[in-house]
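Okay, input.tsv now, which holds TSV, C-alpha atoms:
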chain	number	residue	atom	x	y	z
R	1	MET	CA	26.77	53.11	-26.30
R	2	GLU	CA	26.35	54.85	-29.66
R	3	TRP	CA	28.06	54.21	-33.02
R	4	THR	CA	29.07	57.43	-34.81
R	5	GLY	CA	30.21	55.82	-38.03
R	6	GLU	CA	33.83	55.97	-36.90
R	7	SER	CA	33.81	54.81	-33.28
R	8	TRP	CA	31.66	53.77	-30.33
R	9	ILE	CA	30.91	56.46	-27.77
R	10	PHE	CA	31.03	54.92	-24.32
R	11	ASP	CA	30.04	57.02	-21.31
R	12	GLY	CA	29.57	54.27	-18.74
R	13	PRO	CA	30.98	54.67	-15.23
R	14	GLU	CA	34.20	52.84	-16.16
R	15	TYR	CA	35.23	55.18	-18.98
R	16	SER	CA	37.54	57.38	-16.86
R	17	ARG	CA	39.34	54.35	-15.43
R	18	LEU	CA	39.78	52.79	-18.86
R	19	TRP	CA	41.60	55.90	-20.08
R	20	GLU	CA	43.56	56.85	-16.97
R	21	LYS	CA	44.86	53.37	-16.18
R	22	SER	CA	44.98	51.68	-19.58
R	23	ALA	CA	44.81	54.49	-22.17
R	24	ILE	CA	42.03	52.64	-23.99
R	25	GLY	CA	40.27	54.70	-26.64
R	26	VAL	CA	40.43	58.49	-26.44
R	27	LEU	CA	38.58	61.02	-24.31
R	28	ILE	CA	35.92	63.12	-26.04
R	29	ASP	CA	34.42	66.50	-25.22
R	30	GLY	CA	31.52	66.30	-22.80
R	31	GLY	CA	32.76	63.08	-21.21
R	32	GLY	CA	33.13	59.53	-22.42
R	33	LEU	CA	35.44	57.52	-24.61
R	34	ALA	CA	35.62	56.93	-28.35
R	35	LEU	CA	36.33	53.22	-28.82
R	36	THR	CA	37.03	51.04	-31.85
R	37	ASP	CA	35.49	47.59	-32.20
R	38	ILE	CA	38.61	45.84	-30.97
R	39	GLU	CA	38.89	48.19	-27.99
R	40	VAL	CA	35.31	47.36	-27.05
R	41	LEU	CA	36.17	43.65	-27.17
R	42	PHE	CA	39.37	44.10	-25.19
R	43	SER	CA	37.68	46.25	-22.53
R	44	LYS	CA	34.97	43.66	-22.04
R	45	ASN	CA	37.28	40.63	-22.05
R	46	HIS	CA	40.21	42.03	-20.08
R	47	ARG	CA	39.00	45.09	-18.14
R	48	GLY	CA	35.57	43.97	-17.01
R	49	ALA	CA	33.75	46.83	-18.73
R	50	SER	CA	29.98	46.51	-19.20
R	51	PHE	CA	28.38	47.47	-22.50
R	52	PRO	CA	24.57	47.57	-22.85
R	53	LEU	CA	24.67	46.26	-26.41
R	54	ILE	CA	26.55	43.09	-25.44
R	55	PRO	CA	25.27	41.95	-22.04
R	56	ASP	CA	26.06	38.26	-22.51
R	57	GLU	CA	27.93	35.75	-24.67
R	58	LYS	CA	25.07	35.31	-27.12
R	59	ALA	CA	24.84	39.05	-27.67
R	60	MET	CA	28.61	39.19	-28.03
R	61	LEU	CA	28.53	36.59	-30.82
R	62	GLU	CA	25.81	38.48	-32.66
R	63	TRP	CA	27.66	41.78	-32.23
R	64	VAL	CA	30.95	40.32	-33.53
R	65	ASN	CA	29.17	38.85	-36.55
R	66	LYS	CA	27.71	42.25	-37.43
R	67	ARG	CA	30.99	44.08	-36.90
R	68	LEU	CA	32.85	41.59	-39.11
R	69	GLN	CA	30.68	42.77	-41.99
R	70	ASN	CA	32.06	46.24	-41.41
R	71	ASN	CA	35.68	45.15	-40.82
R	72	SER	CA	36.83	41.83	-42.23
R	73	THR	CA	40.15	42.03	-40.30
R	74	LEU	CA	38.46	42.47	-36.92
R	75	LEU	CA	39.63	39.12	-35.54
R	76	GLU	CA	43.23	39.63	-36.63
R	77	GLU	CA	43.37	43.17	-35.29
R	78	TYR	CA	41.94	42.05	-31.98
R	79	ALA	CA	44.65	39.38	-31.74
R	80	ILE	CA	47.30	42.05	-32.39
R	81	LEU	CA	45.83	44.43	-29.80
R	82	GLU	CA	45.58	41.63	-27.26
R	83	ALA	CA	49.20	40.62	-27.84
R	84	LEU	CA	50.33	44.19	-27.17
R	85	ARG	CA	48.04	45.01	-24.25
R	86	VAL	CA	47.99	41.81	-22.18
R	87	PRO	CA	51.65	42.35	-21.12
R	88	GLY	CA	50.66	45.85	-19.94
R	89	ASN	CA	51.54	48.04	-22.92
R	90	LYS	CA	49.32	50.97	-23.76
R	91	VAL	CA	48.26	51.36	-27.39
R	92	VAL	CA	46.73	54.22	-29.33
R	93	LEU	CA	45.24	53.17	-32.65
R	94	GLY	CA	45.59	55.09	-35.90
R	95	ASN	CA	42.03	56.44	-36.03
R	96	ASN	CA	42.69	58.29	-32.75
R	97	PHE	CA	46.00	59.92	-33.73
R	98	SER	CA	44.42	63.20	-34.80
R	99	ARG	CA	42.43	63.49	-31.57
R	100	LEU	CA	45.70	63.33	-29.64
R	101	GLY	CA	47.50	65.78	-31.91
R	102	ILE	CA	49.60	63.10	-33.59
R	103	ASP	CA	50.04	63.99	-37.27
R	104	ASP	CA	53.42	62.51	-38.22
R	105	CYS	CA	52.54	58.82	-38.17
R	106	ASN	CA	51.36	56.40	-40.86
R	107	SER	CA	51.35	53.32	-38.64
R	108	TRP	CA	48.52	51.09	-37.41
R	109	GLY	CA	49.20	52.04	-33.82
R	110	LEU	CA	51.58	53.57	-31.28
R	111	ARG	CA	52.83	51.67	-28.24
R	112	TRP	CA	53.81	52.91	-24.78
R	113	SER	CA	55.37	50.65	-22.12
R	114	SER	CA	53.33	49.84	-19.01
R	115	ASP	CA	54.91	52.59	-16.89
R	116	LYS	CA	54.09	55.35	-19.40
R	117	HIS	CA	50.93	57.08	-20.63
R	118	PRO	CA	50.05	58.87	-23.90
R	119	SER	CA	49.00	61.95	-21.95
R	120	ARG	CA	52.46	62.31	-20.40
R	121	ASN	CA	55.06	60.47	-22.45
R	122	ASP	CA	56.28	59.97	-26.00
R	123	PRO	CA	55.57	56.55	-27.55
R	124	ASP	CA	58.20	53.81	-27.48
R	125	SER	CA	57.30	52.30	-30.82
R	126	GLU	CA	55.16	52.40	-33.92
R	127	VAL	CA	53.34	49.25	-34.96
R	128	ILE	CA	52.14	47.74	-38.21
R	129	TRP	CA	50.83	44.21	-38.67
R	130	PHE	CA	50.49	41.55	-41.33
R	131	ASN	CA	48.92	38.15	-41.81
R	132	SER	CA	51.53	35.42	-42.10
R	133	SER	CA	50.15	34.70	-45.58
R	134	ASP	CA	50.49	38.31	-46.76
R	135	LEU	CA	52.94	38.67	-49.63
R	136	LEU	CA	55.99	40.85	-49.16
R	137	ASN	CA	55.81	42.30	-52.65
R	138	GLY	CA	52.32	41.41	-53.81
R	139	GLU	CA	49.43	43.40	-55.16
R	140	SER	CA	46.80	42.79	-52.47
R	141	ASP	CA	45.58	45.47	-50.08
R	142	ARG	CA	47.54	43.85	-47.24
R	143	SER	CA	50.82	43.60	-49.14
R	144	GLN	CA	53.65	46.05	-48.72
R	145	SER	CA	56.89	46.24	-50.63
R	146	LEU	CA	60.18	45.87	-48.85
R	147	GLU	CA	61.16	49.27	-50.21
R	148	SER	CA	58.19	50.88	-48.46
R	149	LEU	CA	58.96	48.95	-45.27
R	150	LEU	CA	62.49	50.31	-45.34
R	151	ARG	CA	61.18	53.86	-45.75
R	152	TRP	CA	58.70	53.31	-42.93
R	153	SER	CA	61.32	51.99	-40.53
R	154	TYR	CA	63.65	54.87	-41.39
R	155	GLU	CA	60.95	57.43	-40.63
R	156	VAL	CA	60.05	55.69	-37.38
R	157	ASN	CA	63.65	55.41	-36.20
R	158	MET	CA	64.31	59.06	-37.04
R	159	LYS	CA	61.63	59.93	-34.48
R	160	GLY	CA	63.46	57.90	-31.85
R	161	ARG	CA	60.89	55.10	-31.91
R	162	ILE	CA	61.14	51.36	-32.46
R	163	SER	CA	59.59	50.01	-35.65
R	164	GLU	CA	57.65	46.88	-34.72
R	165	VAL	CA	55.94	44.42	-37.03
R	166	LEU	CA	53.46	41.97	-35.58
R	167	VAL	CA	52.52	38.95	-37.67
R	168	VAL	CA	49.38	36.88	-37.04
R	169	ASP	CA	48.82	33.40	-38.43
R	170	GLU	CA	45.68	31.45	-39.29
R	171	GLU	CA	45.27	30.36	-35.65
R	172	LYS	CA	45.40	34.03	-34.57
R	173	SER	CA	48.76	33.44	-32.92
R	174	VAL	CA	50.98	36.55	-32.93
R	175	VAL	CA	54.75	36.97	-33.16
R	176	THR	CA	56.80	40.17	-33.04
R	177	TYR	CA	59.68	41.36	-35.21
R	178	ARG	CA	61.62	44.58	-35.53
R	179	ILE	CA	62.45	46.32	-38.79
R	180	SER	CA	65.53	48.49	-39.28
R	181	GLU	CA	68.11	49.49	-41.84
R	182	SER	CA	71.44	47.76	-41.47
R	183	ASN	CA	74.75	49.15	-42.64
R	184	PRO	CA	77.07	46.13	-42.79
R	185	THR	CA	80.71	47.17	-43.12
R	186	GLY	CA	84.07	45.47	-42.79
R	187	ILE	CA	87.73	46.36	-42.64
R	188	LEU	CA	88.96	44.68	-45.82
R	189	ARG	CA	90.41	46.87	-48.53
R	190	PRO	CA	87.89	47.01	-51.37
R	191	PRO	CA	89.27	45.60	-54.64
R	192	GLY	CA	90.15	48.15	-57.29
R	193	TYR	CA	90.04	48.05	-61.06
R	194	ASN	CA	93.63	46.90	-61.38
R	195	GLU	CA	92.99	43.90	-59.15
R	196	PHE	CA	89.94	42.87	-61.16
R	197	GLN	CA	91.88	43.31	-64.40
R	198	ARG	CA	94.77	41.21	-63.09
R	199	ILE	CA	92.44	38.39	-62.03
R	200	SER	CA	90.68	38.49	-65.37
R	201	SER	CA	93.99	38.04	-67.18
R	202	LEU	CA	94.99	34.92	-65.23
R	203	LYS	CA	94.71	31.47	-66.77
R	204	SER	CA	91.39	29.85	-65.85
R	205	VAL	CA	89.44	26.66	-66.40
R	206	ASP	CA	85.70	26.88	-67.03
R	207	LEU	CA	83.82	24.70	-64.51
R	208	GLY	CA	80.37	25.33	-65.97
R	209	ASP	CA	77.75	25.86	-63.25
R	210	ASN	CA	80.52	25.74	-60.64
R	211	GLY	CA	82.28	28.85	-61.96
R	212	VAL	CA	85.94	28.93	-62.91
R	213	PHE	CA	89.20	27.65	-61.45
R	214	ILE	CA	92.11	30.09	-61.57
R	215	ILE	CA	95.71	29.05	-61.12
R	216	ASP	CA	96.93	31.27	-58.29
R	217	ASP	CA	100.19	33.08	-59.05
R	218	ASP	CA	100.97	33.66	-55.33
R	219	GLU	CA	100.02	37.35	-55.67
R	220	TRP	CA	96.38	37.05	-54.75
R	221	LYS	CA	95.73	40.30	-52.90
R	222	TYR	CA	92.05	40.08	-52.08
R	223	ASP	CA	91.03	37.11	-49.95
R	224	ALA	CA	87.26	37.67	-50.32
R	225	ILE	CA	87.35	36.82	-54.04
R	226	GLY	CA	87.26	33.12	-54.68
R	227	LEU	CA	87.82	30.04	-52.54
R	228	PRO	CA	91.44	28.96	-52.02
R	229	ILE	CA	91.65	25.29	-52.98
R	230	HIS	CA	94.44	23.01	-54.23
R	231	GLY	CA	96.84	25.88	-54.73
R	232	GLY	CA	94.44	27.87	-56.88
R	233	ARG	CA	91.20	29.81	-56.58
R	234	GLN	CA	87.69	28.74	-57.47
R	235	LEU	CA	85.38	31.63	-58.28
R	236	ASP	CA	81.67	30.99	-58.56
R	237	ASN	CA	79.82	32.40	-61.55
R	238	VAL	CA	78.65	35.51	-59.68
R	239	GLU	CA	82.17	36.37	-58.53
R	240	TYR	CA	83.56	35.88	-62.01
R	241	GLU	CA	80.75	38.01	-63.48
R	242	VAL	CA	81.80	40.86	-61.17
R	243	VAL	CA	85.43	40.48	-62.21
R	244	GLN	CA	84.61	40.49	-65.91
R	245	SER	CA	82.04	43.31	-65.65
R	246	VAL	CA	84.40	45.66	-63.81
R	247	THR	CA	87.28	44.80	-66.15
R	248	ASN	CA	85.14	45.49	-69.22
R	249	HIS	CA	83.52	48.64	-67.76
R	250	ALA	CA	80.12	46.95	-68.02
R	251	THR	CA	78.88	47.10	-64.43
R	252	GLU	CA	75.60	48.69	-65.54
R	253	ASN	CA	74.70	45.36	-67.17
R	254	MET	CA	75.49	43.15	-64.18
R	255	SER	CA	72.89	40.80	-62.76
R	256	VAL	CA	71.24	41.60	-59.44
R	257	SER	CA	73.42	38.97	-57.75
R	258	ALA	CA	76.66	40.43	-59.10
R	259	SER	CA	75.60	43.99	-58.25
R	260	ILE	CA	74.95	43.04	-54.62
R	261	MET	CA	78.23	41.13	-54.35
R	262	LEU	CA	80.19	44.12	-55.67
R	263	ASP	CA	78.43	46.36	-53.15
R	264	LEU	CA	79.34	43.98	-50.31
R	265	TRP	CA	82.98	43.93	-51.42
R	266	GLU	CA	83.04	47.71	-51.62
R	267	ARG	CA	81.79	47.80	-48.04
R	268	GLY	CA	84.94	45.94	-46.99
R	269	LEU	CA	83.14	42.67	-46.36
R	270	ASN	CA	84.36	39.14	-46.90
R	271	THR	CA	81.63	37.14	-48.64
R	272	ARG	CA	81.23	33.40	-48.32
R	273	SER	CA	78.45	30.98	-49.15
R	274	GLY	CA	75.41	31.17	-46.89
R	275	PHE	CA	74.07	27.82	-48.08
R	276	LYS	CA	74.03	26.19	-44.65
R	277	TYR	CA	71.95	29.11	-43.33
R	278	GLY	CA	69.50	29.24	-46.21
R	279	THR	CA	70.84	32.46	-47.79
R	280	LYS	CA	73.13	33.37	-50.66
R	281	TRP	CA	75.96	34.86	-48.58
R	282	ARG	CA	77.33	35.01	-45.08
R	283	CYS	CA	79.51	38.07	-44.57
R	284	TYR	CA	82.54	38.60	-42.36
R	285	PRO	CA	83.90	42.03	-41.41
R	286	ALA	CA	87.45	40.72	-41.81
R	287	ASP	CA	89.29	37.59	-42.92
R	288	VAL	CA	87.59	34.26	-42.37
R	289	GLY	CA	88.85	32.83	-39.10
R	290	GLU	CA	89.08	36.16	-37.31
R	291	GLY	CA	85.54	35.90	-35.96
R	292	HIS	CA	82.07	34.79	-36.94
R	293	ALA	CA	80.01	36.12	-39.84
R	294	PRO	CA	77.42	38.52	-38.33
R	295	TRP	CA	75.33	38.96	-41.48
R	296	LEU	CA	73.31	36.62	-43.67
R	297	VAL	CA	72.40	38.29	-46.95
R	298	VAL	CA	69.59	37.18	-49.25
R	299	ASP	CA	69.84	37.22	-53.03
R	300	PRO	CA	66.45	38.69	-54.02
R	301	SER	CA	66.76	37.35	-57.55
R	302	SER	CA	66.68	33.75	-56.36
R	303	GLU	CA	65.81	33.58	-52.64
R	304	ASN	CA	63.09	36.17	-52.27
R	305	PRO	CA	60.78	35.12	-49.41
R	306	LYS	CA	57.29	35.34	-50.81
R	307	SER	CA	55.32	35.80	-47.61
R	308	TRP	CA	55.69	37.02	-44.06
R	309	ALA	CA	55.65	33.40	-42.89
R	310	GLU	CA	58.81	32.72	-44.92
R	311	ALA	CA	60.48	35.97	-43.85
R	312	CYS	CA	59.76	35.24	-40.18
R	313	LEU	CA	61.17	31.73	-40.48
R	314	SER	CA	64.38	33.01	-42.10
R	315	SER	CA	64.83	35.71	-39.49
R	316	ARG	CA	64.21	33.27	-36.64
R	317	LEU	CA	66.81	30.85	-38.04
R	318	ALA	CA	69.34	33.68	-38.32
R	319	SER	CA	68.76	34.83	-34.74
R	320	GLY	CA	69.18	31.22	-33.60
R	321	VAL	CA	72.79	31.30	-34.81
R	322	ASN	CA	73.42	34.87	-33.59
R	323	LYS	CA	73.32	36.45	-37.03
R	324	TYR	CA	71.36	39.24	-38.69
R	325	TRP	CA	69.12	38.47	-41.66
R	326	LEU	CA	69.42	41.15	-44.34
R	327	TYR	CA	67.39	41.73	-47.47
R	328	PRO	CA	68.98	44.01	-50.13
R	329	VAL	CA	66.84	46.87	-51.44
R	330	LYS	CA	67.99	48.70	-54.58
R	331	LYS	CA	69.12	52.27	-53.92
R	332	GLY	CA	70.66	53.34	-57.21
R	333	LYS	CA	73.13	52.18	-59.83
R	334	ASN	CA	74.89	49.23	-58.17
R	335	GLU	CA	74.02	50.70	-54.76
R	336	TRP	CA	72.05	48.84	-52.16
R	337	ARG	CA	70.42	49.38	-48.78
R	338	TYR	CA	69.82	46.48	-46.41
R	339	LEU	CA	66.56	45.80	-44.60
R	340	GLN	CA	67.03	43.90	-41.34
R	341	ILE	CA	64.16	41.84	-39.93
R	342	SER	CA	65.11	40.67	-36.46
R	343	ARG	CA	63.69	39.12	-33.32
R	344	PRO	CA	63.34	41.65	-30.49
R	345	PRO	CA	64.76	41.12	-26.99
R	346	SER	CA	62.98	38.44	-24.98
R	347	ASP	CA	61.12	41.05	-22.89
R	348	SER	CA	59.63	42.65	-26.02
R	349	ARG	CA	58.27	39.64	-27.88
R	350	TRP	CA	54.58	40.40	-27.72
R	351	SER	CA	52.35	37.37	-28.18
R	352	ASN	CA	48.71	36.81	-27.38
R	353	PRO	CA	47.31	34.16	-25.04
R	354	ILE	CA	46.28	31.09	-27.02
R	355	ARG	CA	43.06	29.43	-25.85
R	356	TYR	CA	42.69	26.58	-28.32

Kindly present the structure from the file in structure tokens form.
Amino acid sequence: MEWTGESWIFDGPEYSRLWEKSAIGVLIDGGGLALTDIEVLFSKNHRGASFPLIPDEKAMLEWVNKRLQNNSTLLEEYAILEALRVPGNKVVLGNNFSRLGIDDCNSWGLRWSSDKHPSRNDPDSEVIWFNSSDLLNGESDRSQSLESLLRWSYEVNMKGRISEVLVVDEEKSVVTYRISESNPTGILRPPGYNEFQRISSLKSVDLGDNGVFIIDDDEWKYDAIGLPIHGGRQLDNVEYEVVQSVTNHATENMSVSASIMLDLWERGLNTRSGFKYGTKWRCYPADVGEGHAPWLVVDPSSENPKSWAEACLSSRLASGVNKYWLYPVKKGKNEWRYLQISRPPSDSRWSNPIRY
């Protein structure tokens, strides 16, 4: 087994079986397989392959220690590969894309289901991974902005593939999530300028941090604005900011919260507090009472999850109540796109065997 500076060249008697049955590594001219460090580990631990450099456990420990100096994320990447491959998936890693003629992918790896093979079939998904402690919008090498994640998922989905994110924690335990763009829409008539102007002209009482209370004149035409209470309407400060900004033609100066709320209203959605679900809003496609609220929308100016651990927790809580967790990403002037981080179906939740 020889190291080329990019991969291990393995020409042992098992190499053909490793490729034909498991699509491990990639075939090279003249015979043999090009393997990464984590593919060497997986082949030895799960496919019974024999490597001269690591004949026993002591040699394995020494080899891993040396390889960690070359790749500090070796242990995490192995956990990710194990989570994907133990259920039977086939995985081609990024450093082998060019050898297989794959030139349209910026992901860590490509995944095929157990009944498919890279030599015959198109991949089912593209995979990237993060540590649970990695920041969503940080400056470290492992960080990635939500804007770039949205672009990545869009590119992946346009190719007819699933965009999968695997997250590994400090115990090397792996969980799976899917990334997509959501387009939440409802059937309510979006409020127009005249409606905002009319509301702005109504008599109101300033409630401080609790917004304003408006005496309803029985002509309230837009149910999503304000909470009906004691014969009037209570508008929180964000709702009232939208009303005043539109009335005064000052929407370009709105806060992030108000800009998102206006976008949700213009999508025909009915917004209500998402406090009980840990988000800013829960959104209905119609009037409250005509069904449940499918979407939970974060306010990035106040509820921005800082790490993947926090994002995973929020998404898991949303899926537990049959809702979609959405994170707004700025598109343009008062325009927003919505990144959805969701739990996959139960048969696609890749997780590695835990031995501790």

Can you build me a table of stretch 179-206 of chain R residues sitting at most 8 Å from stretch 252-274 of chain R, with the closest atom pair per residue and its distance in Å to one decimal, using only C-alpha atoms, sorted by chain and residue number, as a tab-separated table?
residue	atom	partner	partner_atom	distance
R:Pro184	CA	R:Arg267	CA	7.3
R:Thr185	CA	R:Arg267	CA	5.1
R:Gly186	CA	R:Gly268	CA	4.3
R:Ile187	CA	R:Gly268	CA	5.2
R:Leu188	CA	R:Gly268	CA	4.4
R:Arg189	CA	R:Gly268	CA	5.8
R:Pro190	CA	R:Glu266	CA	4.9
R:Pro191	CA	R:Glu266	CA	7.2

Residue neighbourhood R:Asn322, 12 Å, only C-alpha atoms, exclusion window fewer than 3 positions, as an MDAnalysis selection string: chainID R and resid 277 292:296 315:319 325 342:343

For R:Leu207, find every residue with an atom within 10 Å (counting only C-alpha atoms), except residues of its own chain fewer than 6 positions away, and show them as a PyMOL selection string. chain R and resi 213+234-237

Written selection (C-alpha atoms) as a compact mmCIF listing (two decimals), keeping the file's coordinate frame:
# COMPACT_ATOMS: atom_id res chain seq x y z
CA PHE R 213 89.20 27.65 -61.45
CA GLN R 234 87.69 28.74 -57.47
CA LEU R 235 85.38 31.63 -58.28
CA ASP R 236 81.67 30.99 -58.56
CA ASN R 237 79.82 32.40 -61.55

Name all residues at most 8 Å from stretch 10-26 of chain R (count all atoms listed in the file; drop same-chain ones fewer than 2 positions away) and give them as a VMD selection string. chain R and resid 1 to 2 8 28 31 to 36 39 43 47 49 to 51 90 to 93 96 99 to 100 117 to 118

Write out as lines of an AutoDock Vina configuration file an axis-aligned box for stretch 46-50 of chain R: all of its atoms listed in the file, 8 Å added on each side, centre and edge lengths in Å with one decimal.
center_x = 35.1
center_y = 44.4
center_z = -18.5
size_x = 26.2
size_y = 20.8
size_z = 19.1

Could you pull the residues within 12 Å of R:Asn106, counting all atoms listed in the file, minus those fewer than 2 positions along the same chain, as a ChimeraX atom specification? /R:93-95,97-98,102-104,108-110,126-128,148-149,151-153,155-156,163

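Shortest atom-to-atom contact with R:Lys306 among R:Ile54, R:Ile179, R:Leu146, R:Ala79: R:Leu146, counting all atoms listed in the file.
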
So how many Å separate atom CA of R:Leu53 and atom CA of R:Asp37, to one decimal? 12.3 Å

Separating atom CA of R:Ile38 from atom CA of R:Leu61, to the nearest tenth of an Å, is a gap of 13.7 Å

Find the residues with any atom within 12 Å of (63.4, 36.6, -49.2); use all atoms listed in the file and the coordinates as given in the file, and write the answer as a ChimeraX atom specification. /R:135-137,145-146,278-280,296-315,325-329,339-341

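Taking atom CA of R:Arg282 and atom CA of R:Ser133 as endpoints, the distance between them is 27.2 Å.
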
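Remark: for R:Val243, the closest of the candidate residues R:His230, R:Arg85, R:Lys221, R:Arg198 is R:Arg198 (distances computed over all atoms listed in the file).
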
Counting all atoms listed in the file, I want the residues whose atoms come within 7 Å of (63.5, 53.5, -30.6) in the file frame, returned as a PyMOL selection string. chain R and resi 124-125+157+160-162

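Nearest residue to R:Phe42 among R:Leu74, R:Val321, R:Leu150, R:Ile229 is R:Leu74, counting all atoms listed in the file.
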
Applying 6 Å and only C-alpha atoms, which residues near R:Ala83 remain after dropping the ones on its own chain fewer than 5 positions away? List them as a PyMOL selection string. chain R and resi 350-352

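Minimum atom-to-atom distances from R:Tyr222, R:Tyr154, R:Phe275, R:Phe130 to R:Arg337 were compared using only C-alpha atoms, and the lowest value belongs to R:Tyr154.
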
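Minimum atom-to-atom distances from R:Lys323, R:Arg178, R:Lys44, R:Lys66 to R:Arg349 were compared using only C-alpha atoms, and the lowest value belongs to R:Arg178.
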